[in-house]
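Asker: What follows is model02.cif, made up of mmCIF, C-alpha atoms:
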data_my_file
#
loop_
_atom_site.label_atom_id
_atom_site.label_comp_id
_atom_site.auth_asym_id
_atom_site.auth_seq_id
_atom_site.Cartn_x
_atom_site.Cartn_y
_atom_site.Cartn_z
CA ALA A 1 124.60 76.68 162.88
CA ASP A 2 125.64 79.14 165.61
CA PHE A 3 122.41 78.68 167.55
CA ASN A 4 122.51 74.89 167.26
CA ASP A 5 126.13 74.79 168.43
CA LYS A 6 125.64 77.08 171.44
CA SER A 7 122.33 75.55 172.56
CA ARG A 8 123.41 71.91 172.25
CA GLY A 9 122.67 70.02 175.47
CA ALA A 10 120.32 72.67 176.89
CA PRO A 11 116.90 71.39 178.06
CA ASN A 12 114.21 71.61 175.34
CA ALA A 13 116.66 73.12 172.84
CA ARG A 14 115.67 72.08 169.34
CA PRO A 15 117.96 72.02 166.33
CA LEU A 16 117.11 74.57 163.65
CA ALA A 17 117.33 73.34 160.07
CA PHE A 18 118.04 75.22 156.84
CA VAL A 19 115.96 73.92 153.93
CA VAL A 20 116.22 74.94 150.28
CA CYS A 21 113.01 74.52 148.27
CA ASP A 22 112.36 75.02 144.56
CA ASP A 23 109.50 77.53 144.54
CA THR A 24 109.67 78.50 140.87
CA VAL A 25 106.48 76.61 139.97
CA ARG A 26 104.44 77.05 143.12
CA PRO A 27 105.80 79.54 145.67
CA ASP A 28 103.74 78.00 148.48
CA ARG A 29 104.89 74.42 147.84
CA GLY A 30 107.86 74.51 150.21
CA ALA A 31 105.87 76.01 153.09
CA ARG A 32 103.07 73.48 152.64
CA TYR A 33 105.54 70.57 152.59
CA LEU A 34 107.28 71.72 155.76
CA ALA A 35 104.00 72.27 157.60
CA GLU A 36 101.85 69.38 156.34
CA VAL A 37 104.42 66.61 155.77
CA LEU A 38 107.31 67.37 158.12
CA ARG A 39 104.98 68.96 160.70
CA VAL A 40 107.51 71.56 161.80
CA PRO A 41 106.27 73.83 164.61
CA ALA A 42 107.35 77.05 162.91
CA ILE A 43 108.93 78.40 159.73
CA VAL A 44 111.11 81.43 159.07
CA THR A 45 110.74 82.04 155.36
CA PRO A 46 111.87 84.64 152.83
CA ILE A 47 108.84 84.01 150.61
CA ARG A 48 106.64 86.95 149.69
CA PRO A 49 103.93 88.12 152.09
CA SER A 50 101.21 87.15 149.59
CA VAL A 51 102.40 83.55 149.86
CA VAL A 52 102.58 83.84 153.65
CA THR A 53 98.92 84.82 153.67
CA ALA A 54 98.05 81.82 151.53
CA THR A 55 99.99 79.32 153.63
CA ALA A 56 99.66 80.70 157.15
CA SER A 57 96.80 78.35 158.00
CA PHE A 58 99.09 75.37 157.34
CA ALA A 59 101.85 76.32 159.83
CA PRO A 60 101.66 77.00 163.59
CA VAL A 61 103.80 80.14 163.27
CA LEU A 62 105.18 81.57 160.04
CA LEU A 63 107.55 84.55 160.14
CA SER A 64 108.40 86.27 156.87
CA PRO A 65 111.18 88.86 156.79
CA ALA A 66 111.10 89.03 152.98
CA HIS A 67 110.45 92.75 153.30
CA ALA A 68 110.74 94.76 156.46
CA SER A 69 107.26 96.21 156.44
CA HIS A 70 104.56 93.61 156.21
CA PRO A 71 100.88 93.57 155.28
CA SER A 72 98.50 93.30 158.20
CA GLN A 73 97.90 89.63 158.92
CA PRO A 74 94.48 88.81 160.42
CA ALA A 75 93.88 85.84 162.68
CA MET A 76 93.83 82.57 160.76
CA GLY A 77 90.81 80.64 162.01
CA THR A 78 91.30 80.04 165.73
CA GLU A 79 95.02 80.80 165.57
CA PRO A 80 96.48 84.12 166.80
CA ARG A 81 97.64 86.90 164.54
CA ILE A 82 100.98 86.09 162.91
CA PRO A 83 103.75 87.76 164.95
CA SER A 84 106.02 90.12 163.06
CA LEU A 85 109.52 91.08 164.16
CA VAL A 86 109.62 94.01 161.76
CA PRO A 87 107.82 97.40 161.60
CA PRO A 88 104.35 97.75 160.06
CA ALA A 89 103.74 99.43 156.72
CA SER A 90 102.41 102.59 158.38
CA THR A 91 105.78 103.28 160.03
CA GLN A 92 107.74 102.77 156.82
CA ALA A 93 105.30 105.08 155.00
CA ARG A 94 105.99 107.85 157.51
CA ALA A 95 109.72 107.25 157.12
CA LEU A 96 109.47 107.56 153.32
CA ALA A 97 107.45 110.77 153.65
CA ALA A 98 110.03 112.16 156.08
CA ILE A 99 112.87 111.45 153.62
CA ALA A 100 110.87 113.07 150.82
CA ARG A 101 110.08 116.13 152.92
CA GLY A 102 113.47 116.51 154.59
CA VAL A 103 115.92 115.39 151.89
CA ILE A 104 114.40 115.26 148.40
CA VAL A 105 112.26 118.42 148.35
CA PRO A 106 115.08 120.62 149.78
CA ALA A 107 117.49 119.18 147.17
CA PHE A 108 115.15 120.27 144.39
CA ALA A 109 114.67 123.67 146.03
CA LYS A 110 118.44 124.24 145.85
CA LYS A 111 118.16 123.62 142.11
CA GLY A 112 115.42 126.25 141.85
CA LYS A 113 112.44 123.88 141.77
CA SER A 114 110.25 124.37 144.81
CA SER A 115 107.42 122.00 143.81
CA PRO A 116 108.71 118.67 142.45
CA SER A 117 106.14 116.24 141.08
CA ALA A 118 105.92 112.59 142.07
CA THR A 119 104.29 109.30 141.06
CA VAL A 120 103.96 106.17 143.20
CA VAL A 121 104.52 102.74 141.65
CA ALA A 122 103.60 99.69 143.73
CA SER A 123 103.64 95.94 143.30
CA GLY A 124 100.16 94.47 143.46
CA ASP A 125 100.74 91.97 146.26
CA PRO A 126 99.56 92.64 149.85
CA TYR A 127 102.92 94.22 150.74
CA GLY A 128 102.81 96.75 147.90
CA ILE A 129 99.09 97.50 148.17
CA GLU A 130 99.05 98.20 151.89
CA LEU A 131 102.29 100.18 151.74
CA SER A 132 100.89 102.19 148.81
CA THR A 133 97.81 103.12 150.80
CA ALA A 134 99.90 104.10 153.82
CA VAL A 135 102.32 106.14 151.67
CA ALA A 136 99.44 108.03 150.01
CA THR A 137 98.21 109.01 153.48
CA ALA A 138 101.68 109.99 154.70
CA LEU A 139 102.54 112.04 151.60
CA GLY A 140 99.17 113.77 151.65
CA SER A 141 99.19 114.79 155.32
CA ALA A 142 99.21 118.54 155.79
CA PRO A 143 101.16 120.14 154.40
CA PRO A 144 101.38 117.68 151.48
CA VAL A 145 104.92 116.66 150.59
CA PHE A 146 104.46 116.97 146.82
CA THR A 147 102.13 119.61 145.39
CA SER A 148 101.73 117.46 142.28
CA LEU A 149 101.21 113.77 143.05
CA GLY A 150 100.23 111.80 139.95
CA ALA A 151 97.80 108.91 139.84
CA PRO A 152 99.49 105.86 141.39
CA ILE A 153 100.54 102.98 139.16
CA THR A 154 99.58 99.68 140.77
CA LEU A 155 101.05 96.63 139.09
CA GLY A 156 99.80 93.06 139.36
CA ASP A 157 101.25 90.42 141.62
CA PRO A 158 104.87 89.64 140.61
CA ALA A 159 103.86 86.00 140.21
CA GLU A 160 101.59 86.87 137.26
CA ALA A 161 102.78 85.70 133.86
CA ASP A 162 102.48 89.14 132.26
CA PHE A 163 104.26 91.02 135.03
CA SER A 164 107.21 91.86 132.77
CA ALA A 165 104.84 93.36 130.22
CA GLN A 166 103.24 95.40 133.00
CA LEU A 167 106.66 96.79 133.91
CA GLY A 168 107.17 97.84 130.29
CA GLU A 169 103.81 99.62 130.21
CA ALA A 170 104.56 101.38 133.49
CA ALA A 171 107.95 102.54 132.19
CA ALA A 172 106.31 103.91 129.03
CA THR A 173 103.68 105.76 131.07
CA LEU A 174 106.34 107.35 133.27
CA ALA A 175 108.54 108.26 130.29
CA ALA A 176 105.63 109.91 128.48
CA ASN A 177 104.89 112.25 131.39
CA PRO A 178 108.02 112.07 133.57
CA PRO A 179 107.65 113.04 137.23
CA ASP A 180 110.55 114.49 139.19
CA VAL A 181 110.32 111.69 141.75
CA VAL A 182 109.28 108.04 141.37
CA VAL A 183 108.31 106.34 144.64
CA LEU A 184 108.92 102.58 144.32
CA LEU A 185 107.04 100.27 146.68
CA GLY A 186 108.02 96.64 146.25
CA GLY A 187 110.99 94.34 146.07
CA ALA A 188 113.60 93.21 143.57
CA GLU A 189 110.84 92.65 140.98
CA LEU A 190 110.78 96.45 140.45
CA VAL A 191 114.47 96.68 139.51
CA PRO A 192 113.69 95.90 135.81
CA LEU A 193 111.24 98.83 135.85
CA VAL A 194 114.09 101.16 136.81
CA GLN A 195 116.21 99.66 134.06
CA LYS A 196 113.46 100.04 131.44
CA LEU A 197 112.67 103.62 132.46
CA GLU A 198 116.30 104.71 132.53
CA ASN A 199 116.87 103.22 129.10
CA VAL A 200 113.95 105.03 127.43
CA ALA A 201 113.44 108.22 129.44
CA THR A 202 114.83 111.57 128.35
CA VAL A 203 114.20 113.05 131.81
CA HIS A 204 115.66 110.94 134.60
CA PRO A 205 113.85 111.05 137.96
CA VAL A 206 114.93 110.74 141.56
CA TYR A 207 113.91 107.38 143.04
CA LEU A 208 112.57 106.99 146.57
CA ALA A 209 112.39 103.28 147.40
CA SER A 210 110.92 101.05 150.06
CA ASP A 211 113.08 98.60 151.99
CA GLY A 212 112.42 95.80 149.50
CA LEU A 213 114.55 97.59 146.89
CA ALA A 214 117.59 97.45 149.18
CA THR A 215 118.75 94.41 147.26
CA PRO A 216 122.03 93.44 145.57
CA ALA A 217 120.01 92.97 142.37
CA LEU A 218 119.79 96.75 142.10
CA VAL A 219 123.54 97.26 142.29
CA SER A 220 124.30 94.48 139.79
CA THR A 221 121.83 95.74 137.14
CA SER A 222 123.34 97.15 133.95
CA PHE A 223 122.05 100.32 132.29
CA VAL A 224 122.49 101.70 128.77
CA SER A 225 123.34 105.12 130.21
CA ALA A 226 125.00 105.92 133.52
CA PRO A 227 123.46 104.08 136.50
CA PRO A 228 120.89 106.15 138.42
CA PHE A 229 122.45 105.38 141.79
CA GLY A 230 123.19 109.01 142.62
CA ARG A 231 119.44 109.60 142.31
CA PHE A 232 118.42 106.61 144.42
CA VAL A 233 117.55 106.73 148.13
CA GLY A 234 115.34 104.59 150.33
CA VAL A 235 114.67 103.42 153.86
CA VAL A 236 115.52 100.25 155.79
CA PRO A 237 114.48 99.42 159.34
CA GLY A 238 116.78 99.47 162.32
CA PRO A 239 119.59 101.66 163.56
CA SER A 240 122.29 103.13 161.36
CA THR A 241 124.85 101.22 163.37
CA SER A 242 124.85 98.92 166.38
CA PRO A 243 127.06 96.22 167.93
CA GLU A 244 124.48 93.58 166.96
CA LEU A 245 124.46 94.67 163.31
CA SER A 246 128.26 94.76 163.15
CA ASP A 247 128.57 91.35 164.80
CA MET A 248 126.08 89.82 162.37
CA ALA A 249 127.90 91.29 159.37
CA PHE A 250 131.20 89.91 160.71
CA ARG A 251 129.72 86.44 161.22
CA LEU A 252 128.39 86.50 157.67
CA GLY A 253 131.89 86.94 156.33
CA GLY A 254 132.39 90.67 156.71
CA ALA A 255 129.41 91.62 154.53
CA LYS A 256 130.10 94.83 152.62
CA GLY A 257 127.57 97.61 152.23
CA GLU A 258 124.05 97.35 153.63
CA PRO A 259 123.94 94.17 155.76
CA ASN A 260 120.13 94.17 155.95
CA ALA A 261 119.70 93.83 152.17
CA ASP A 262 116.94 91.38 151.24
CA GLY A 263 115.91 91.11 154.89
CA VAL A 264 119.13 89.38 155.98
CA ALA A 265 119.21 90.96 159.45
CA ALA A 266 115.49 90.37 159.99
CA SER A 267 115.91 86.71 159.05
CA TYR A 268 118.90 86.40 161.38
CA ASP A 269 116.90 87.85 164.28
CA ALA A 270 113.84 85.72 163.55
CA VAL A 271 115.88 82.53 163.83
CA TYR A 272 117.17 83.47 167.29
CA ALA A 273 113.76 84.64 168.53
CA LEU A 274 112.13 81.44 167.33
CA GLY A 275 114.88 79.26 168.79
CA TYR A 276 114.42 80.86 172.21
CA ALA A 277 110.63 80.60 172.05
CA LEU A 278 110.77 76.91 171.12
CA SER A 279 113.17 76.21 173.99
CA LEU A 280 110.40 76.97 176.48
CA HIS A 281 108.54 73.72 175.68
CA PRO A 282 109.52 70.04 175.92
CA LYS A 283 107.14 69.28 173.03
CA ALA A 284 106.11 71.22 169.95
CA PRO A 285 103.90 74.08 171.18
CA THR A 286 100.63 75.25 169.69
CA ALA A 287 100.51 78.42 167.65
CA ALA A 288 98.87 80.30 170.53
CA LEU A 289 101.62 79.31 172.97
CA LEU A 290 104.41 80.07 170.54
CA ALA A 291 102.98 83.47 169.70
CA ASP A 292 102.84 84.33 173.41
CA ASP A 293 106.36 82.99 173.91
CA LEU A 294 107.69 85.33 171.22
CA LEU A 295 106.49 88.17 173.46
CA ARG A 296 108.39 86.64 176.38
CA VAL A 297 111.67 86.43 174.46
CA THR A 298 111.48 89.85 172.76
CA SER A 299 109.75 92.12 175.26
CA GLY A 300 111.05 90.91 178.63
CA THR A 301 113.11 92.47 181.39
CA THR A 302 116.69 91.31 180.75
CA THR A 303 118.34 92.61 177.58
CA GLU A 304 120.26 90.08 175.50
CA ALA A 305 121.59 90.45 171.96
CA THR A 306 121.04 88.16 169.02
CA GLY A 307 124.13 86.19 168.11
CA PRO A 308 125.96 83.18 169.56
CA LYS A 309 127.65 84.99 172.46
CA ALA A 310 124.40 85.43 174.40
CA VAL A 311 122.79 82.02 173.80
CA ALA A 312 123.89 80.35 177.04
CA ALA A 313 122.89 83.30 179.22
CA ALA A 314 119.55 83.79 177.47
CA LEU A 315 118.60 80.11 177.74
CA SER A 316 119.53 80.14 181.42
CA ILE A 317 117.26 83.12 182.10
CA LEU A 318 114.35 81.54 180.23
CA ARG A 319 114.86 78.16 181.88
CA THR A 320 114.46 79.71 185.34
CA GLY A 321 111.21 81.47 184.44
CA GLY A 322 112.64 84.81 183.38
CA SER A 323 112.09 86.80 180.21
CA ILE A 324 114.46 88.55 177.84
CA ASN A 325 114.38 91.73 175.78
CA LEU A 326 116.05 90.60 172.57
CA ASP A 327 118.15 93.27 170.86
CA GLY A 328 118.38 92.40 167.18
CA ALA A 329 120.71 93.14 164.30
CA SER A 330 117.69 94.56 162.45
CA GLY A 331 116.70 96.81 165.36
CA ASP A 332 114.26 96.76 168.25
CA LEU A 333 112.43 93.42 168.38
CA ALA A 334 110.02 94.22 171.24
CA LEU A 335 106.53 93.05 170.22
CA ASP A 336 103.41 94.97 171.13
CA ALA A 337 101.22 92.73 173.30
CA VAL A 338 98.08 93.58 171.29
CA THR A 339 99.21 94.02 167.68
CA ARG A 340 102.17 91.59 167.96
CA ASP A 341 104.19 94.01 165.84
CA ALA A 342 107.68 95.29 166.48
CA ASP A 343 108.15 98.96 165.71
CA ASP A 344 111.44 100.69 165.05
CA ASP A 345 113.29 103.58 163.48
CA PHE A 346 114.30 103.60 159.81
CA ALA A 347 117.65 104.57 158.29
CA MET A 348 118.08 106.13 154.86
CA TRP A 349 120.05 104.00 152.40
CA CYS A 350 121.65 104.70 149.05
CA VAL A 351 124.16 103.18 146.65
CA ALA A 352 127.80 104.29 146.97
CA GLN A 353 130.96 102.82 145.48
CA GLY A 354 129.07 99.86 144.10
CA ALA A 355 127.39 98.81 147.35
CA LEU A 356 124.24 99.44 149.35
CA VAL A 357 125.06 101.83 152.19
CA ARG A 358 123.09 102.70 155.33
CA SER A 359 123.47 106.40 156.18
CA LEU A 360 123.29 108.16 159.53
CA THR A 361 120.12 109.98 158.50
CA MET A 362 117.41 108.38 160.62
CA TYR A 363 113.64 108.52 160.95
CA ASP A 364 112.73 108.44 164.66
CA HIS A 365 109.40 106.63 164.77
CA GLU A 366 108.56 107.72 168.34
CA LYS A 367 109.15 111.43 167.65
CA ASP A 368 107.94 111.18 164.02
CA LYS A 369 111.01 113.19 163.09
CA LEU A 370 113.92 112.97 160.67
CA LEU A 371 117.35 113.06 162.33
CA ASP A 372 119.86 114.28 159.78
CA GLY A 373 123.31 112.76 159.46
CA PRO A 374 126.06 112.06 156.91
CA GLY A 375 126.28 109.08 154.60
CA CYS A 376 124.05 109.65 151.55
CA SER A 377 123.63 112.52 149.15
CA LEU A 378 121.51 113.15 146.04
CA ALA A 379 122.99 114.01 142.65
CA LEU A 380 120.03 115.67 140.95
CA PRO A 381 119.88 115.77 137.14
#
The structure in this file should be written as structure tokens.
Answerer:
Amino acid sequence: ADFNDKSRGAPNARPLAFVVCDDTVRPDRGARYLAEVLRVPAIVTPIRPSVVTATASFAPVLLSPAHASHPSQPAMGTEPRIPSLVPPASTQARALAAIARGVIVPAFAKKGKSSPSATVVASGDPYGIELSTAVATALGSAPPVFTSLGAPITLGDPAEADFSAQLGEAAATLAANPPDVVVLLGGAELVPLVQKLENVATVHPVYLASDGLATPALVSTSFVSAPPFGRFVGVVPGPSTSPELSDMAFRLGGAKGEPNADGVAASYDAVYALGYALSLHPKAPTAALLADDLLRVTSGTTTEATGPKAVAAALSILRTGGSINLDGASGDLALDAVTRDADDDFAMWCVAQGALVRSLTMYDHEKDKLLDGPGCSLALP
């Protein structure tokens, strides 16, 4: 609504529509309808990356901020690689390893345990599988983060009918031989696993979670015993704080806690980037043109922020042949010209006072270093 209002009357500006689709039966149905029937030039969708892979050949450009890190998307036929405004799985894996090495292991050492054990649990969709592989590499790099890293537990795709039963089996496996740390790689579909494990386990682990677990579903889940939130930390992309993030949270009604939960900030940024890219053409562009235009509006020379205040200035720059460097609420949106990925730092998140909270502990992806800061602490059992 903000973009439509501020861009109204500008040459080539297209209205952006919000569509709600029932995807309970077939998750790809909405994307196929928009692409094949309505013939929209591009879609920003919160559907899972596995569905994006299945439907990408039906849409000129399909951006999915469902999770921050994304599976590698190859070229679809003659179309270019799908652009991503969020960091690749390899960067998030290094961030998770940095949190484990710099926060979790020292916390156990203070309790007299110098070698905590760990087990990785991953959803079996492309997001979880690729992140699991990257995490195994990051955790195993010399010196290894955990001296005892159990065999990973890879679940099926969350869309499978027996996924709930798989969660129960995974919880039983973990409870039978409890590790000190459970690394969770997936989205909200893994929250029931935490609930099941907490309700049956006699030894309660520390949880290290990927960005997909930064979801309100975690905070609202009920547990038989005390919630494990003091033992829960994870990573989310982007800075700990920025004017763009604060402005987005304000425009969304003063969102409390972690404003990037469920990819909200990434979705917000994707809408603005796509709106600017579409404004460069009087007619619907091809996928190749639109993919190149996303580079022009995210990796240019003049810095502009996402949000309604900069729309007029940004459109003016683009209309006169210029380019913009779009600063997003979710972080740095600059796309690499070859990989078409954006890369960024990650902040550590936790749950405090009933809300998701982004701390000032940051993983610097350029220096491959953890920058310590206040905001989250571990309450070890």
Asker: Give me the residues within 8 Å of Gly375 in chain A as a list in words, counting all atoms listed in the file and dropping any in the same chain fewer than 2 places off.
Answerer: Val357, Arg358, Ser359, Leu360, Thr361, Gly373 and Ser377 of chain A
Asker: Which residues fall under the PyMOL selection byres ((chain A and resi 187-193) around 8) in this file, as a list in words?
Answerer: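 Applied to this file, the PyMOL selection byres ((chain A and resi 187-193) around 8) selects His67, Ser123, Pro158, Leu167, Gly168, Ala170, Ala171, Leu184, Leu185, Gly186, Val194, Gln195, Lys196, Leu197, Ser210, Asp211, Gly212, Leu213, Ala214, Thr215, Ala217, Leu218 and Thr221 of chain A.
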Asker: CA of Phe223 in chain A to CA of Ala175 in chain A: how many Å, to one decimal?
Answerer: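 So the two atoms, CA of Phe223 in chain A and CA of Ala175 in chain A, lie 15.8 Å apart.
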Asker: Kindly give the distance, in Å, that separates CA of Val224 in chain A and CA of Pro116 in chain A, rounded to a single decimal.
Answerer: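 Going from CA of Val224 in chain A over to CA of Pro116 in chain A covers 25.8 Å.
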Asker: Go ahead and find all residues with at least one atom no further than 9 Å from (102.7, 113.3, 147.3) in the file's coordinates, using all atoms listed in the file; report them as a PyMOL selection string.
Answerer: chain A and resi 97+100+117-120+135-141+144-150
Asker: I need the residues from that last selection saved to file as a PDB file, in the frame of the given file (with C-alpha atoms), if you can.
Answerer:
ATOM      1  CA  ALA A  97     107.450 110.770 153.650  1.00  0.00           C
ATOM      2  CA  ALA A 100     110.870 113.070 150.820  1.00  0.00           C
ATOM      3  CA  SER A 117     106.140 116.240 141.080  1.00  0.00           C
ATOM      4  CA  ALA A 118     105.920 112.590 142.070  1.00  0.00           C
ATOM      5  CA  THR A 119     104.290 109.300 141.060  1.00  0.00           C
ATOM      6  CA  VAL A 120     103.960 106.170 143.200  1.00  0.00           C
ATOM      7  CA  VAL A 135     102.320 106.140 151.670  1.00  0.00           C
ATOM      8  CA  ALA A 136      99.440 108.030 150.010  1.00  0.00           C
ATOM      9  CA  THR A 137      98.210 109.010 153.480  1.00  0.00           C
ATOM     10  CA  ALA A 138     101.680 109.990 154.700  1.00  0.00           C
ATOM     11  CA  LEU A 139     102.540 112.040 151.600  1.00  0.00           C
ATOM     12  CA  GLY A 140      99.170 113.770 151.650  1.00  0.00           C
ATOM     13  CA  SER A 141      99.190 114.790 155.320  1.00  0.00           C
ATOM     14  CA  PRO A 144     101.380 117.680 151.480  1.00  0.00           C
ATOM     15  CA  VAL A 145     104.920 116.660 150.590  1.00  0.00           C
ATOM     16  CA  PHE A 146     104.460 116.970 146.820  1.00  0.00           C
ATOM     17  CA  THR A 147     102.130 119.610 145.390  1.00  0.00           C
ATOM     18  CA  SER A 148     101.730 117.460 142.280  1.00  0.00           C
ATOM     19  CA  LEU A 149     101.210 113.770 143.050  1.00  0.00           C
ATOM     20  CA  GLY A 150     100.230 111.800 139.950  1.00  0.00           C
TER      21      GLY A 150
END
Asker: With only C-alpha atoms as the basis for distance, which of A:Gly354, A:Glu130, A:Leu85, A:Leu278 is at the shortest distance from Asp327 in chain A?
Answerer: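 For Asp327 in chain A, the nearest of the candidates is A:Leu85.
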Asker: On this structure, which residues satisfy the PyMOL selection byres ((chain A and resi 108) around 12), written as a list in words?
Answerer: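 Applied to this file, the PyMOL selection byres ((chain A and resi 108) around 12) selects Ala100, Arg101, Gly102, Val103, Ile104, Val105, Pro106, Ala107, Ala109, Lys110, Lys111, Gly112, Lys113, Ser114, Ser115, Pro116, Ser117, Phe146, Asp180, Val181, Pro205, Val206, Arg231, Leu378, Ala379, Leu380 and Pro381 of chain A.
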Asker: What does the PyMOL selection byres ((chain A and resi 335) around 12) select in this file, as a PyMOL selection string?
Answerer: chain A and resi 82-88+273+291-300+324-327+331-334+336-344
Asker: Would you work out the distance separating CA of Gly328 in chain A from CA of Leu245 in chain A, expressed in Å to one decimal?
Answerer: 7.6 Å
Asker: Nearest to Leu155 in chain A: which of A:Pro228, A:Val183, A:His204, A:Gly124 is it, counting all atoms listed in the file?
Answerer: A:Gly124
